[in-house]
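Heads up: the structure comes next, in structure tokens.
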Amino acid sequence: MKLREVRDILDAEVITGDANLEKEIKYAFAADLLSDVLTFSRGPGALLITGITHPQVIYAANTIDLGAILFVRGKRPNEATLQLAIENQI
């Protein structure tokens, strides 16, 4: 499924721009510990559902080639995390 479809189904706000909405999302998983993010990802193209908003989540996402991150429970990343996500096209 395309990231655009995920956004539409969830009525989600895209906070890093619309440039990556054609990314293919192969599966999704939820985790609130970075060790779980690194352990449970099964390869590139995943959607991480999380409340982790500090910059380390972007480093982890980049390491395992995540397709996107969905921040939940009303959490919003700070400016440093947001800029890092934009730089890494996540």
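We label chains A, B, ... in the order they appear in the structure tokens, count residues from 1 in each chain, and number ligands from 1 in the order shown.
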Among chain A, which residues does DSSP mark as strand (DSSP E or B) when it is run on the backbone? Keep the chain and numbering as in the structure and answer as a PyMOL selection string. chain A and resi 2+24+27-30+46-50+68-71
For segment 59-63 of chain A: contacts at 9 Å, only C-alpha atoms, fewer than 2 positions along chain excluded, given as a VMD selection string: chain A and resid 34 37 to 38 48 55 to 57 65 to 69 84 to 85 88 to 90
For Lys23 of chain A, please output as a list in words all residues within 8 Å (counting only C-alpha atoms; exclusion window: fewer than 4 positions along the same chain).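 Once the nearby chain positions are removed, what remains is Lys2, Leu3, Arg4, Gly45 and Gly67 of chain A.
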Can you work out which one of A:Ala30, A:Ala46, A:Ile52, A:Leu82 has the shortest atom-to-atom distance to Ile64 of chain A, counting only C-alpha atoms?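 Counting only C-alpha atoms, the residue closest to Ile64 of chain A is A:Ala46.
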How far is it from atom CA of Glu87 of chain A to atom CA of Thr16 of chain A, in Å with one decimal? 9.5 Å
